[in-house]
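Encoded as structure tokens, the structure appears first; notes follow it.
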Amino acid sequence: MYIEKVAYRGWDNCFRVANERVELLATTDVGPRIIRFGFVGDENEFYEFDDQGGKTGGEAWRPYGGHRLWHAPEAVPRSYLPDNYPVEATVKDNGLHLIQPVEVLSGIQKEIVITLDGAGAKVKVQHRLCNHGLWPVELAPWCQTDMANSGVGIIPLPPRGPHPENLLPINTLSLWAYTDLSDPLLVLGTQFILLGQDPARYSPQKIGAYTLNGWTAYARAGHLFVKRYTFQPGVRYPDMNANVQIYTDSDILELETLAPLVTLEPGGEVEHVEEWYLFDGVPQPAGEKDVIEHVLPAVRSIL
């Protein structure tokens, strides 16, 4: 296990957390944000906006790239309050604790706790929102990861079953006004939803789902990035009850998980945990058959 302070892409105060297999980098000049995750010596699995590296300060929101924490539902200005200023960083035995200053307009404070496995390609990422305001706020932790382009995102669907044994619906899809179900990069299958990222894409695309499986994934260039999260039945999620979402445009594909909506009282906090896994040698799927053959064996090894 290695934890060291490094300069990266113009930010002088980043932390590198690594073992012999994988590494991640978190910024502290801005954030909280994990700007890089990947195999040691290999390319970044996350997308980085090249023109924003090293930038700090200002009141304009910058996407930067990498992994970030928001609070849902999405709205302006609250979702786009800039994270352009330094965060507090505390080194742990096997990771890092990042704390953002309280957002002045919302009263919410964001924290990310990173814990890297001692040897494997596994990371635990705890996301916390704390209400330092004077009134209750309805929100949900919303974890967004900007993946490098030209891959495909995967959302598993709950098990199908025959009629008439299954008379009631078991899950929902969430569609935005700009969702295009005729998109050739969108596969609505019986077991999975697939959405590809294309740098030549003309317009944004997004789809969400209420799913019981507790994982979502992104496959690209022989690598498979998997997020695990805890599904909570019988509660209300944002965006018409979507706990997993994929957004894509010409730059990125965002792999997103959400926690249930809560009314966060002053002084209260809520946490949403993701576990990240990275696999090598997994072909990028073109459809459901490829997911079943190549992706599922990797996912089943961690469930």
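By order in the structure tokens, chains are A, B, ...; within a chain, residues start at 1; ligands start at 1, following the order shown.
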Just the residues within 6 Å of stretch 279-290 of chain A, please, counting only C-alpha atoms, with nothing from its chain fewer than 4 positions along; format it as a ChimeraX atom specification.
/A:219-220,222-224,294
Just the strand (DSSP E) stuff from stretch 95-275 of chain A, please, per backbone DSSP, written as an MDAnalysis selection string.
chainID A and resid 95:99 108:116 122:131 137:147 152:156 173:175 186:188 192:196 205:209 215:220 223:229 244:248 253:258 262:264 269:275
Compile the contact shell of A:Val125 as a ChimeraX atom specification: residues with an atom at most 7 Å away, counting only C-alpha atoms, same-chain residues fewer than 6 positions apart removed.
/A:112-115,273-275
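Interatomic distance, atom CA of A:Lys206 against atom CA of A:Thr248: 6.4 Å.
Every protein or nucleic acid residue with an atom no more than 12 Å from A:Ile170, counting only C-alpha atoms and leaving out same-chain residues fewer than 3 positions away, appears here: A:Leu157, A:Pro158, A:Pro159, A:Arg160, A:Gly161, A:Asn166, A:Leu167, A:Leu173, A:Ala209, A:Tyr210, A:Thr211, A:Leu212, A:Pro233.
For the choices A:Gln232, A:Thr257, A:Gln205, A:Thr179, the atom-to-atom distance to A:Ala217 is smallest for A:Thr257 when using only C-alpha atoms.
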Report as a VMD selection string all protein, DNA and RNA residues lying within 7 Å of A:Leu253, evaluated on only C-alpha atoms, omitting residues in the same chain fewer than 3 positions from it.
chain A and resid 146 to 147 149 197 246 to 249
With N, CA and C atoms kept, could you save the residues just selected as a CSV table (one decimal), in the first residue's frame?
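Saved file out.csv follows:
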chain,number,residue,atom,x,y,z
A,146,ASP,N,-17.3,9.9,-14.3
A,146,ASP,CA,-17.1,10.2,-15.7
A,146,ASP,C,-16.1,9.2,-16.3
A,147,MET,N,-16.6,8.3,-17.1
A,147,MET,CA,-15.8,7.2,-17.7
A,147,MET,C,-15.2,7.7,-19.0
A,149,ASN,N,-14.0,7.8,-22.8
A,149,ASN,CA,-14.9,7.6,-23.9
A,149,ASN,C,-14.7,6.3,-24.7
A,197,GLN,N,-20.9,4.9,-25.5
A,197,GLN,CA,-20.4,6.3,-25.7
A,197,GLN,C,-19.7,6.4,-27.0
A,246,ILE,N,-27.4,6.3,-16.4
A,246,ILE,CA,-26.3,6.5,-17.4
A,246,ILE,C,-26.6,7.7,-18.2
A,247,TYR,N,-25.7,8.6,-18.2
A,247,TYR,CA,-25.7,9.8,-19.0
A,247,TYR,C,-24.5,9.8,-20.0
A,248,THR,N,-24.7,10.2,-21.2
A,248,THR,CA,-23.6,10.2,-22.1
A,248,THR,C,-23.7,11.4,-23.1
A,249,ASP,N,-22.6,11.9,-23.5
A,249,ASP,CA,-22.5,12.9,-24.6
A,249,ASP,C,-21.3,12.7,-25.4
With the cut-off set at 7 Å and counting only C-alpha atoms, tabulate each residue of stretch 86-176 of chain A with an atom at most that distance from an atom of stretch 71-78 of chain A, showing the nearest atom pair and its distance in Å to one decimal, ordered by chain and increasing number, as a Markdown table.
| residue | atom | partner | partner_atom | distance |
| --- | --- | --- | --- | --- |
| A:Ser106 | CA | A:Arg78 | CA | 6.6 |
| A:Leu139 | CA | A:Ala72 | CA | 5.5 |
| A:Ala140 | CA | A:Ala72 | CA | 5.1 |
| A:Pro141 | CA | A:His71 | CA | 4.8 |
| A:Trp142 | CA | A:His71 | CA | 5.3 |
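Taking only C-alpha atoms into account, A:Arg68 lies nearest to A:Val30 out of the set A:Ala89, A:Ala121, A:Ile292, A:Val30.
For A:Leu25, the list of residues within 6 Å, based on only C-alpha atoms and with local chain neighbours fewer than 5 positions off taken out, reads Phe15, Arg16, Ile34, Ile35 and Arg36 of chain A.
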Work out how far atom CA of A:Phe192 is from atom CA of A:Glu293, in Å to one decimal.
12.9 Å
DSSP on the backbone, then: every residue of stretch 46-292 of chain A marked alpha helix (DSSP H), written as a PyMOL selection string.
chain A and resi 238-241+288-290
Those selected residues, please, written with C-alpha atoms and delivered as a short mmCIF file (atom, residue, chain, number, x, y, z; two decimals), in the first residue's frame.
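What follows is the written file again.cif:
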data_model
loop_
_atom_site.label_atom_id
_atom_site.label_comp_id
_atom_site.auth_asym_id
_atom_site.auth_seq_id
_atom_site.Cartn_x
_atom_site.Cartn_y
_atom_site.Cartn_z
CA PRO A 238 -35.05 10.36 -7.07
CA ASP A 239 -35.96 10.80 -10.73
CA MET A 240 -39.10 8.68 -10.78
CA ASN A 241 -37.47 6.02 -8.61
CA GLU A 288 -26.69 -9.07 -24.22
CA LYS A 289 -25.03 -12.27 -25.40
CA ASP A 290 -21.60 -10.72 -24.89
#
